[in-house]
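Asks: Here you go, this is target-v1.txt (compact mmCIF, C-alpha atoms).
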# COMPACT_ATOMS: atom_id res chain seq x y z
CA MET A 1 0.00 0.00 0.00
CA LYS A 2 1.48 3.33 -1.03
CA GLN A 3 1.53 6.57 0.90
CA ARG A 4 2.63 10.02 -0.08
CA ILE A 5 5.72 11.51 1.44
CA LEU A 6 5.88 15.27 1.79
CA VAL A 7 9.26 16.92 1.75
CA SER A 8 10.18 20.51 2.44
CA ALA A 9 13.76 21.71 2.35
CA LEU A 10 14.12 23.41 5.71
CA GLY A 11 10.38 24.13 5.67
CA VAL A 12 10.65 26.67 2.88
CA GLY A 13 11.32 24.90 -0.42
CA ALA A 14 8.83 23.45 -2.83
CA LEU A 15 7.07 20.23 -1.87
CA ALA A 16 8.28 17.02 -3.44
CA VAL A 17 6.10 13.95 -3.72
CA ALA A 18 7.55 10.44 -3.79
CA GLY A 19 6.10 6.97 -3.30
CA LEU A 20 6.53 4.98 -0.10
CA THR A 21 6.27 1.23 0.15
CA SER A 22 5.64 0.30 3.78
CA GLN A 23 8.09 2.54 5.67
CA ALA A 24 10.91 2.70 3.11
CA ALA A 25 11.23 5.64 0.72
CA THR A 26 11.88 4.83 -2.92
CA ALA A 27 13.65 8.13 -3.54
CA ALA A 28 16.07 10.07 -1.37
CA PRO A 29 14.25 13.06 0.14
CA THR A 30 15.44 16.58 0.67
CA PRO A 31 16.17 16.73 4.40
CA TYR A 32 14.92 19.09 7.08
CA THR A 33 18.03 18.48 9.20
CA ALA A 34 20.21 15.41 9.66
CA GLY A 35 18.28 13.52 6.99
CA LYS A 36 14.87 13.96 8.60
CA HIS A 37 11.81 14.78 6.55
CA ALA A 38 8.04 14.68 6.92
CA ALA A 39 5.78 11.76 6.00
CA GLN A 40 2.04 11.33 6.17
CA VAL A 41 0.56 9.55 9.14
CA CYS A 42 -2.64 8.43 7.36
CA THR A 43 -3.01 6.59 4.08
CA ASN A 44 -4.31 8.78 1.28
CA ALA A 45 -8.04 8.65 0.75
CA THR A 46 -8.88 7.31 -2.72
CA ALA A 47 -12.67 7.01 -2.64
CA PRO A 48 -14.78 10.03 -3.65
CA HIS A 49 -16.00 12.25 -0.81
CA THR A 50 -13.57 10.69 1.63
CA ALA A 51 -11.03 12.57 3.74
CA SER A 52 -7.37 12.07 4.62
CA CYS A 53 -5.99 13.21 7.94
CA HIS A 54 -3.45 16.02 7.73
CA ALA A 55 -0.94 14.89 10.36
CA LEU A 56 2.73 14.56 9.39
CA LYS A 57 5.58 13.07 11.39
CA LEU A 58 9.32 13.39 11.11
CA VAL A 59 11.01 10.29 9.70
CA ASP A 60 14.63 9.50 8.89
CA ALA A 61 16.23 9.40 5.44
CA LYS A 62 14.98 5.84 4.91
CA GLY A 63 11.41 6.72 5.82
CA LYS A 64 11.60 5.09 9.24
CA SER A 65 9.75 6.83 12.09
CA VAL A 66 12.01 8.88 14.34
CA THR A 67 10.84 7.69 17.75
CA SER A 68 12.17 8.25 21.24
CA ALA A 69 11.64 7.18 24.84
CA SER A 70 11.45 10.88 25.72
CA PRO A 71 10.13 13.97 23.91
CA PRO A 72 12.37 15.01 21.00
CA ALA A 73 14.42 18.04 21.97
CA THR A 74 13.45 19.86 18.77
CA GLY A 75 9.70 19.43 19.35
CA LEU A 76 7.45 22.32 20.35
CA THR A 77 6.39 22.02 24.00
CA PRO A 78 3.29 23.40 25.75
CA THR A 79 5.44 26.10 27.35
CA GLY A 80 6.86 27.11 23.98
CA LEU A 81 3.50 27.06 22.22
CA ARG A 82 1.78 29.22 24.82
CA ASP A 83 4.67 31.67 24.82
CA ALA A 84 4.76 31.90 21.02
CA TYR A 85 1.07 32.76 20.85
CA LYS A 86 0.91 34.76 24.12
CA LEU A 87 -1.62 32.45 25.74
CA ASN A 88 -0.17 32.45 29.25
CA GLY A 89 -2.68 33.62 31.83
CA LEU A 90 -5.69 32.68 29.70
CA ASN A 91 -8.08 29.97 30.84
CA ALA A 92 -10.83 27.93 29.19
CA ASN A 93 -12.81 27.94 32.46
CA GLY A 94 -14.46 24.58 31.89
CA ARG A 95 -15.22 25.06 28.20
CA THR A 96 -14.90 22.01 25.98
CA VAL A 97 -12.99 21.51 22.73
CA ALA A 98 -14.33 18.68 20.57
CA ILE A 99 -12.01 16.66 18.32
CA VAL A 100 -13.55 14.90 15.31
CA ASP A 101 -11.55 12.14 13.65
CA ALA A 102 -12.13 8.74 12.08
CA TYR A 103 -11.72 5.28 13.61
CA GLY A 104 -10.82 4.09 17.08
CA TYR A 105 -7.85 4.56 19.42
CA PRO A 106 -8.14 2.23 22.43
CA ASN A 107 -5.23 3.75 24.38
CA LEU A 108 -6.09 7.40 23.85
CA GLU A 109 -6.70 8.11 27.54
CA ARG A 110 -3.51 6.32 28.58
CA ASP A 111 -1.34 8.10 26.00
CA LEU A 112 -2.84 11.50 26.77
CA GLY A 113 -1.96 10.87 30.41
CA VAL A 114 1.68 10.23 29.50
CA TYR A 115 1.83 13.48 27.49
CA ARG A 116 0.24 15.63 30.15
CA SER A 117 2.32 14.13 32.96
CA GLN A 118 5.53 14.67 31.00
CA PHE A 119 4.87 18.38 30.70
CA GLY A 120 3.40 18.93 34.16
CA LEU A 121 -0.19 19.43 33.02
CA SER A 122 -3.11 18.44 35.22
CA ALA A 123 -4.65 15.02 34.66
CA CYS A 124 -7.37 14.86 31.99
CA THR A 125 -9.21 11.58 32.42
CA ILE A 126 -12.60 10.05 31.87
CA ALA A 127 -12.96 9.59 35.61
CA ASN A 128 -12.40 13.25 36.48
CA GLY A 129 -14.74 14.46 33.72
CA CYS A 130 -12.08 16.21 31.66
CA LEU A 131 -12.09 13.64 28.82
CA ARG A 132 -14.87 11.88 26.94
CA ILE A 133 -14.54 9.52 23.97
CA ILE A 134 -17.70 8.74 22.01
CA SER A 135 -18.82 7.36 18.67
CA GLN A 136 -20.27 9.42 15.84
CA THR A 137 -23.74 8.73 17.24
CA GLY A 138 -22.72 9.69 20.78
CA GLY A 139 -22.52 6.12 22.07
CA SER A 140 -19.85 4.08 23.82
CA SER A 141 -19.41 1.41 21.11
CA LEU A 142 -16.31 2.78 19.42
CA PRO A 143 -15.01 2.04 15.91
CA ALA A 144 -12.13 -0.23 14.91
CA PHE A 145 -8.54 0.86 15.52
CA ASN A 146 -6.62 2.52 12.71
CA VAL A 147 -3.00 3.35 13.49
CA GLY A 148 -2.80 6.36 11.15
CA TRP A 149 -5.95 8.06 12.37
CA ALA A 150 -5.04 7.19 15.98
CA GLY A 151 -1.81 9.13 15.45
CA GLU A 152 -3.91 12.03 14.22
CA GLN A 153 -6.05 11.86 17.36
CA ALA A 154 -2.93 11.84 19.55
CA LEU A 155 -1.69 15.02 17.88
CA ASP A 156 -5.08 16.67 18.27
CA VAL A 157 -5.60 15.97 21.97
CA ASP A 158 -1.98 16.83 22.76
CA ALA A 159 -2.31 20.14 20.88
CA VAL A 160 -5.45 21.08 22.81
CA SER A 161 -3.71 20.12 26.05
CA ALA A 162 -0.72 22.31 25.16
CA ALA A 163 -2.67 25.39 24.09
CA ALA A 164 -5.50 25.26 26.65
CA PRO A 165 -4.48 22.93 29.50
CA ASP A 166 -7.66 23.49 31.50
CA ALA A 167 -10.05 22.86 28.59
CA LYS A 168 -12.18 19.76 28.65
CA ILE A 169 -11.86 17.47 25.64
CA VAL A 170 -14.45 15.31 23.89
CA VAL A 171 -13.21 13.05 21.09
CA VAL A 172 -15.86 11.94 18.58
CA GLN A 173 -14.72 8.97 16.51
CA ALA A 174 -16.43 8.49 13.14
CA LYS A 175 -16.78 4.92 11.89
CA SER A 176 -15.05 5.80 8.61
CA ALA A 177 -13.33 8.71 6.90
CA SER A 178 -16.22 9.41 4.55
CA PHE A 179 -17.51 12.96 4.46
CA ALA A 180 -20.88 11.66 5.62
CA ASP A 181 -19.54 9.83 8.69
CA LEU A 182 -17.15 12.60 9.68
CA GLY A 183 -19.94 15.11 9.19
CA ALA A 184 -22.28 13.08 11.39
CA ALA A 185 -19.57 13.10 14.06
CA VAL A 186 -19.39 16.91 13.86
CA VAL A 187 -23.14 17.14 14.41
CA THR A 188 -22.80 14.88 17.46
CA ALA A 189 -19.90 16.99 18.76
CA ALA A 190 -21.99 20.14 18.49
CA LYS A 191 -24.64 18.59 20.72
CA GLN A 192 -22.28 17.80 23.61
CA PRO A 193 -22.57 19.96 26.74
CA GLY A 194 -20.02 22.73 27.02
CA VAL A 195 -18.59 22.44 23.51
CA VAL A 196 -17.50 25.84 22.17
CA ALA A 197 -15.10 24.67 19.45
CA ILE A 198 -14.83 21.65 17.15
CA SER A 199 -11.50 20.82 15.50
CA ASN A 200 -11.33 18.95 12.18
CA SER A 201 -7.80 17.99 11.11
CA TYR A 202 -8.72 16.34 7.83
CA GLY A 203 -9.88 17.14 4.34
CA GLY A 204 -10.59 15.95 0.85
CA GLY A 205 -11.24 17.68 -2.45
CA ASP A 206 -13.30 20.83 -2.67
CA ALA A 207 -16.99 20.12 -2.06
CA SER A 208 -20.24 22.01 -1.88
CA ASP A 209 -21.94 23.33 1.24
CA ALA A 210 -25.19 22.57 -0.57
CA THR A 211 -24.35 18.88 -0.04
CA TYR A 212 -22.29 18.82 3.16
CA GLY A 213 -22.68 22.24 4.78
CA THR A 214 -25.41 21.19 7.19
CA TYR A 215 -22.81 19.11 9.05
CA TYR A 216 -20.63 22.16 9.77
CA ASN A 217 -23.26 24.89 10.24
CA HIS A 218 -23.24 25.53 13.99
CA PRO A 219 -23.56 29.23 14.91
CA GLY A 220 -22.16 29.86 18.37
CA ILE A 221 -19.53 27.12 18.02
CA ALA A 222 -16.15 27.69 16.37
CA VAL A 223 -15.64 24.92 13.80
CA THR A 224 -12.00 24.83 12.67
CA ALA A 225 -10.65 22.86 9.70
CA SER A 226 -7.09 22.37 8.48
CA THR A 227 -6.38 23.53 4.92
CA GLY A 228 -4.11 20.60 4.00
CA ASP A 229 -0.43 19.87 3.56
CA ASP A 230 0.04 20.07 -0.23
CA GLY A 231 0.68 23.78 -0.66
CA TYR A 232 -1.36 25.85 -3.11
CA GLN A 233 -3.87 23.39 -4.58
CA GLY A 234 -7.27 25.11 -4.46
CA GLY A 235 -10.17 24.32 -2.14
CA SER A 236 -10.13 21.46 0.38
CA TYR A 237 -13.29 20.51 2.24
CA PRO A 238 -14.31 21.20 4.99
CA ALA A 239 -11.80 24.10 5.18
CA SER A 240 -13.43 25.47 2.00
CA SER A 241 -16.84 25.53 3.70
CA SER A 242 -18.33 28.92 4.43
CA TYR A 243 -19.19 27.65 7.91
CA THR A 244 -15.68 26.77 9.15
CA THR A 245 -12.58 28.67 10.19
CA ALA A 246 -9.96 27.56 7.66
CA VAL A 247 -6.60 27.12 9.39
CA GLY A 248 -3.35 27.33 7.43
CA GLY A 249 0.20 26.71 8.63
CA THR A 250 3.47 28.38 9.49
CA SER A 251 7.08 27.56 10.26
CA LEU A 252 7.72 28.71 13.82
CA VAL A 253 11.21 29.23 15.28
CA SER A 254 12.63 30.98 18.32
CA ALA A 255 14.16 34.37 17.58
CA SER A 256 16.00 37.21 19.29
CA ASN A 257 13.24 39.75 18.78
CA SER A 258 10.70 41.30 21.13
CA ARG A 259 8.24 38.48 20.58
CA GLY A 260 10.87 35.79 21.01
CA TRP A 261 9.62 33.90 17.94
CA SER A 262 9.56 34.29 14.18
CA GLU A 263 7.08 32.86 11.69
CA SER A 264 6.97 32.41 7.93
CA VAL A 265 4.74 30.49 5.55
CA TRP A 266 5.12 26.74 5.88
CA SER A 267 5.59 25.56 2.29
CA GLY A 268 3.06 22.74 2.78
CA ALA A 269 0.22 24.92 4.04
CA GLY A 270 -2.88 24.46 1.89
CA SER A 271 -4.47 27.45 0.22
CA GLY A 272 -6.81 28.32 -2.62
CA CYS A 273 -10.32 29.29 -3.64
CA SER A 274 -13.41 27.13 -3.48
CA THR A 275 -15.23 26.64 -6.76
CA TYR A 276 -18.50 26.03 -4.90
CA ASN A 277 -18.97 27.96 -1.70
CA THR A 278 -19.90 31.53 -0.86
CA ALA A 279 -17.17 33.99 0.07
CA LEU A 280 -17.14 35.17 3.67
CA SER A 281 -18.72 38.60 3.90
CA ALA A 282 -16.24 39.42 6.67
CA ALA A 283 -13.40 38.96 4.16
CA SER A 284 -14.86 41.23 1.48
CA THR A 285 -12.44 44.12 2.10
CA PHE A 286 -9.29 42.02 2.46
CA GLY A 287 -8.44 41.50 -1.22
CA THR A 288 -8.45 37.72 -1.32
CA GLY A 289 -8.74 37.66 -5.11
CA CYS A 290 -11.26 34.79 -4.85
CA SER A 291 -14.78 35.22 -6.15
CA LYS A 292 -15.91 32.51 -3.75
CA ARG A 293 -14.66 31.15 -0.42
CA ALA A 294 -10.95 31.81 0.15
CA MET A 295 -8.73 29.81 2.48
CA ALA A 296 -7.06 30.22 4.94
CA ASP A 297 -8.59 32.56 7.52
CA VAL A 298 -5.88 32.24 10.18
CA SER A 299 -2.96 29.92 10.86
CA ALA A 300 -0.65 28.40 13.46
CA ALA A 301 2.46 26.23 13.68
CA ALA A 302 2.39 23.34 11.19
CA ASP A 303 5.90 22.76 9.84
CA PRO A 304 6.95 19.37 11.27
CA GLY A 305 10.60 20.44 11.40
CA LYS A 306 10.15 24.02 12.57
CA GLY A 307 7.38 24.18 15.13
CA GLY A 308 6.27 20.56 15.01
CA MET A 309 5.05 19.33 18.39
CA ALA A 310 6.62 16.64 20.55
CA ILE A 311 3.72 14.20 21.00
CA TYR A 312 3.09 10.75 22.43
CA TYR A 313 1.38 8.60 19.83
CA PRO A 314 0.56 4.95 19.04
CA THR A 315 2.71 2.81 16.77
CA SER A 316 0.38 -0.17 17.12
CA ARG A 317 -2.78 -1.12 18.99
CA THR A 318 -0.74 -1.61 22.18
CA ALA A 319 2.54 0.32 21.84
CA SER A 320 3.18 4.08 21.84
CA THR A 321 6.23 6.34 21.72
CA TRP A 322 7.39 9.94 21.40
CA ALA A 323 7.90 11.64 18.03
CA GLN A 324 7.65 15.04 16.37
CA PHE A 325 4.43 15.81 14.48
CA GLY A 326 3.17 18.70 12.39
CA GLY A 327 0.95 19.46 9.41
CA THR A 328 -2.07 21.73 9.40
CA SER A 329 -3.50 19.03 11.66
CA GLU A 330 -1.41 20.67 14.37
CA ALA A 331 -2.73 24.13 13.58
CA ALA A 332 -6.49 23.37 13.58
CA PRO A 333 -6.71 22.17 17.22
CA ILE A 334 -4.45 25.03 18.35
CA ILE A 335 -6.87 27.55 16.87
CA ALA A 336 -9.89 25.66 18.26
CA SER A 337 -8.24 25.90 21.68
CA VAL A 338 -7.69 29.65 21.32
CA TYR A 339 -11.41 30.05 20.61
CA ALA A 340 -12.05 28.13 23.84
CA LEU A 341 -9.71 30.46 25.70
CA SER A 342 -11.48 33.52 24.31
CA GLY A 343 -14.94 32.40 25.39
CA ASN A 344 -16.34 34.36 22.44
CA THR A 345 -17.84 32.24 19.67
CA ALA A 346 -21.12 34.07 19.09
CA GLY A 347 -22.56 33.89 15.58
CA TYR A 348 -20.25 32.51 12.90
CA ALA A 349 -16.86 32.41 14.58
CA ASN A 350 -14.92 32.54 11.29
CA ALA A 351 -15.88 36.23 11.02
CA LEU A 352 -14.26 37.21 14.33
CA PRO A 353 -10.58 37.37 13.23
CA TYR A 354 -11.46 39.71 10.36
CA ALA A 355 -12.76 42.25 12.88
CA HIS A 356 -9.73 41.98 15.19
CA THR A 357 -6.63 41.79 13.02
CA SER A 358 -4.57 43.82 15.52
CA SER A 359 -4.67 40.81 17.85
CA LEU A 360 -2.88 38.61 15.31
CA PHE A 361 0.76 38.20 14.32
CA ASP A 362 0.83 38.99 10.61
CA VAL A 363 2.97 36.52 8.65
CA THR A 364 4.62 38.38 5.77
CA THR A 365 7.33 36.10 4.39
CA GLY A 366 7.36 32.77 2.56
CA SER A 367 5.45 30.91 -0.14
CA ASN A 368 3.65 27.59 -0.63
CA GLY A 369 4.02 27.24 -4.40
CA SER A 370 3.18 28.98 -7.67
CA CYS A 371 -0.20 30.58 -8.31
CA PRO A 372 -1.85 32.92 -10.83
CA THR A 373 -2.81 35.48 -8.16
CA THR A 374 0.11 36.39 -5.93
CA GLN A 375 -1.64 36.42 -2.55
CA TRP A 376 -3.03 32.90 -3.02
CA CYS A 377 0.42 31.41 -2.43
CA ASN A 378 2.72 34.20 -1.25
CA ALA A 379 2.80 35.91 2.13
CA ARG A 380 2.18 39.62 2.27
CA THR A 381 1.03 42.26 4.73
CA GLY A 382 -2.60 41.53 5.57
CA TRP A 383 -4.48 38.51 4.27
CA ASP A 384 -2.75 35.83 2.22
CA GLY A 385 -3.75 32.28 1.29
CA PRO A 386 -1.20 30.18 3.22
CA THR A 387 -1.56 31.99 6.56
CA GLY A 388 -4.78 33.96 6.28
CA LEU A 389 -4.76 36.99 8.56
CA GLY A 390 -1.97 35.58 10.71
CA THR A 391 -1.47 33.69 13.97
CA PRO A 392 -2.77 34.27 17.51
CA ASN A 393 -1.38 37.10 19.61
CA GLY A 394 -3.39 36.18 22.66
CA ALA A 395 -7.08 35.37 22.19
CA GLY A 396 -8.34 38.82 21.27
CA ALA A 397 -9.00 37.95 17.60
CA PHE A 398 -11.15 34.95 18.46
Go through the file and emit its structure as structure tokens.

Replies:
Amino acid sequence: MKQRILVSALGVGALAVAGLTSQAATAAPTPYTAGKHAAQVCTNATAPHTASCHALKLVDAKGKSVTSASPPATGLTPTGLRDAYKLNGLNANGRTVAIVDAYGYPNLERDLGVYRSQFGLSACTIANGCLRIISQTGGSSLPAFNVGWAGEQALDVDAVSAAAPDAKIVVVQAKSASFADLGAAVVTAAKQPGVVAISNSYGGGDASDATYGTYYNHPGIAVTASTGDDGYQGGSYPASSSYTTAVGGTSLVSASNSRGWSESVWSGAGSGCSTYNTALSAASTFGTGCSKRAMADVSAAADPGKGGMAIYYPTSRTASTWAQFGGTSEAAPIIASVYALSGNTAGYANALPYAHTSSLFDVTTGSNGSCPTTQWCNARTGWDGPTGLGTPNGAGAF
């Protein structure tokens, strides 16, 4: 079974695509550092109206997972993430972030406990009411294990834990990666008590809200969706829905400036215009160049090599380990968590950042490919496709 491998020279160069057989690469990749590069966690979706998860992990030059008995030193930690986005001192105050993914993950609670203990975060368990894991119908009969999607879930719950340590988490596991099943899981997530944000770290081809929009239309709840990891490619659903906050990606590194961090476009960050869905009225004065829905709206760390998180994830049904993960799958739950920290998700939450751009770090350098309209793939002052309006500077834009 073949998987794509995504390669970015130091997080800035053009993406290269090569085939993988099992874990071994058939072509030598361009390295991040010391031969490491980024590979997909989930198998590519091939059926129509089916999604792939957008998590990436660092692997070595032969395509073998770079695992460790302790968090990788180069991985972004909760302390680093909250400092980069100025989230210290903010609290979710009991609000809940929902994570929607496909398939089961039997050791999710155990692995989340390892992550949170490692970084000194309070316990988040089923017993203490912080964590719930339910099926797409809200029941306790959970779907079959899938190692790729379980890795995605590990990234998602660890990202929420890092950005908003006091938030409650509900994980809704769809029985498959079809748009219909994932959409049904989103509807179930929206019905859970206390949910103020729903994170969706997956996507497929562009699709119409006329067909699937009812799944994501939840005024009063921030529904985030990752824009994908293939650079400028056009719309990707559900990020291309008019009802979601489309979340792009950046390369994040420490810097000797007043912020202490520097960001540029991550070359894999998805961007483009939907061919189906209505443009956001809130974006009408921002020069997107799209006649319909433009993505992204905002962004966060996504480059696996520069800002990728140290996470604890499963390598099989029973075994787990530390590794470094990224992709716009990292960014979507971060932004969902910032919405939870803000406590302000009235109306359609994707409009809020457009009214509060001064509370964002504008990303003005980098590119994610070639495009006919410059802002669709190149950073600039103000809105651009790969990073939207920018990244969180506290929670004031959300």

Asks: Measure the distance from atom CA of Ala51 of chain A to atom CA of Cys377 of chain A in Å and round it to one decimal.

Replies: 22.9 Å

Asks: Find the residues near segment 346-352 of chain A: any atom within 12 Å, counting only C-alpha atoms, skip ones fewer than 3 places away on the same chain, and give them as a count of residues only.

Replies: 53

Asks: Mind running segment 32-88 of chain A against segment 160-170 of chain A at 7 Å and telling me each contacting residue's nearest atom pair with the distance in Å (one decimal), counting only C-alpha atoms, chain and number ascending, as CSV?

Replies:
residue,atom,partner,partner_atom,distance
A:Pro78,CA,A:Ala162,CA,4.2
A:Leu81,CA,A:Ala163,CA,6.7
A:Arg82,CA,A:Ala163,CA,5.9

Asks: Which is closer to Asn91 of chain A than all the others in A:Ser337, A:Pro143, A:Trp149, A:Ala69, using all atoms listed in the file?

Replies: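 For Asn91 of chain A, the nearest of the given residues is A:Ser337.
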
Asks: Assuming 8 Å of padding per side, give the centre and edge lengths of the axis-aligned box around every listed atom of segment 147-160 of chain A, in Å to one decimal and as AutoDock Vina command-line options.

Replies:
--center_x -3.9 --center_y 12.2 --center_z 17.0 --size_x 20.4 --size_y 33.7 --size_z 27.7

Asks: Quick one: residues within 9 Å of Leu56 of chain A, all atoms listed in the file counted, chain neighbours fewer than 2 positions away excluded, as a count of residues only?

Replies: 22

Asks: Pick out the closest residue to Thr275 of chain A from this set: A:Ser316, A:Thr365, A:Thr250, A:Asp206. Count only C-alpha atoms.

Replies: A:Asp206

Asks: So, counting all atoms listed in the file, which residue among A:Thr318, A:Ser256, A:Ser199, A:Thr211 is closest to Asn277 of chain A?

Replies: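 Answer, going by the shortest atom-to-atom distance: A:Thr211.
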
Asks: Near Tyr237 of chain A, within 10 Å and counting all atoms listed in the file, which residues show up once chain neighbours fewer than 5 positions away are dropped, as an mmCIF file with C-alpha atoms, in the coordinates of the input?

Replies:
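Result written to selection09.cif:
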data_model
loop_
_atom_site.group_PDB
_atom_site.id
_atom_site.type_symbol
_atom_site.label_atom_id
_atom_site.label_comp_id
_atom_site.auth_asym_id
_atom_site.auth_seq_id
_atom_site.Cartn_x
_atom_site.Cartn_y
_atom_site.Cartn_z
ATOM 1 C CA HIS A 49 -16.000 12.250 -0.810
ATOM 2 C CA THR A 50 -13.570 10.690 1.630
ATOM 3 C CA ALA A 51 -11.030 12.570 3.740
ATOM 4 C CA PHE A 179 -17.510 12.960 4.460
ATOM 5 C CA TYR A 202 -8.720 16.340 7.830
ATOM 6 C CA GLY A 203 -9.880 17.140 4.340
ATOM 7 C CA GLY A 204 -10.590 15.950 0.850
ATOM 8 C CA GLY A 205 -11.240 17.680 -2.450
ATOM 9 C CA ASP A 206 -13.300 20.830 -2.670
ATOM 10 C CA ALA A 207 -16.990 20.120 -2.060
ATOM 11 C CA SER A 208 -20.240 22.010 -1.880
ATOM 12 C CA ASP A 209 -21.940 23.330 1.240
ATOM 13 C CA TYR A 212 -22.290 18.820 3.160
ATOM 14 C CA GLY A 213 -22.680 22.240 4.780
ATOM 15 C CA ALA A 225 -10.650 22.860 9.700
ATOM 16 C CA SER A 226 -7.090 22.370 8.480
ATOM 17 C CA THR A 227 -6.380 23.530 4.920
ATOM 18 C CA GLY A 228 -4.110 20.600 4.000
ATOM 19 C CA THR A 244 -15.680 26.770 9.150
ATOM 20 C CA ALA A 246 -9.960 27.560 7.660
ATOM 21 C CA SER A 274 -13.410 27.130 -3.480
#

Asks: Calculate how many Å separate atom CA of Val147 of chain A from atom CA of Ser201 of chain A, rounding to one decimal.

Replies: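 Atom-to-atom, atom CA of Val147 of chain A to atom CA of Ser201 of chain A, that is 15.6 Å.
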
Asks: Between atom CA of Pro238 of chain A and atom CA of Ile99 of chain A, measure the distance and give it in Å to one decimal.

Replies: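 Taking atom CA of Pro238 of chain A as the start and atom CA of Ile99 of chain A as the end point, the length is 14.3 Å.
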
Asks: Complete the atoms of segment 37-42 of chain A to all heavy atoms and put them out as a CSV table (one decimal), in the coordinates of the input.

Replies:
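Ended up saving to selection.csv:
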chain,number,residue,atom,x,y,z
A,37,HIS,N,12.8,14.1,7.4
A,37,HIS,CA,11.8,14.8,6.6
A,37,HIS,C,10.4,14.4,7.1
A,37,HIS,O,10.3,13.6,8.0
A,37,HIS,CB,12.0,14.4,5.1
A,37,HIS,CG,12.0,12.9,4.8
A,37,HIS,ND1,13.1,12.1,5.0
A,37,HIS,CD2,11.0,12.1,4.4
A,37,HIS,CE1,12.8,10.9,4.7
A,37,HIS,NE2,11.5,10.8,4.4
A,38,ALA,N,9.4,14.9,6.4
A,38,ALA,CA,8.0,14.7,6.9
A,38,ALA,C,7.3,13.7,6.1
A,38,ALA,O,7.3,13.7,4.8
A,38,ALA,CB,7.3,16.0,6.9
A,39,ALA,N,6.6,12.8,6.7
A,39,ALA,CA,5.8,11.8,6.0
A,39,ALA,C,4.4,11.7,6.6
A,39,ALA,O,4.2,12.0,7.7
A,39,ALA,CB,6.4,10.4,6.1
A,40,GLN,N,3.4,11.4,5.7
A,40,GLN,CA,2.0,11.3,6.2
A,40,GLN,C,1.8,10.2,7.2
A,40,GLN,O,2.5,9.2,7.2
A,40,GLN,CB,1.1,11.0,5.0
A,40,GLN,CG,0.9,12.3,4.1
A,40,GLN,CD,-0.1,11.9,3.0
A,40,GLN,OE1,0.2,11.1,2.2
A,40,GLN,NE2,-1.3,12.5,3.1
A,41,VAL,N,0.9,10.5,8.1
A,41,VAL,CA,0.6,9.6,9.1
A,41,VAL,C,-0.5,8.6,8.6
A,41,VAL,O,-0.5,7.4,8.9
A,41,VAL,CB,0.1,10.3,10.4
A,41,VAL,CG1,-0.5,9.3,11.4
A,41,VAL,CG2,1.3,11.0,11.1
A,42,CYS,N,-1.5,9.2,7.9
A,42,CYS,CA,-2.6,8.4,7.4
A,42,CYS,C,-2.4,8.1,5.9
A,42,CYS,O,-1.8,8.8,5.1
A,42,CYS,CB,-3.9,9.2,7.5
A,42,CYS,SG,-4.5,9.6,9.2
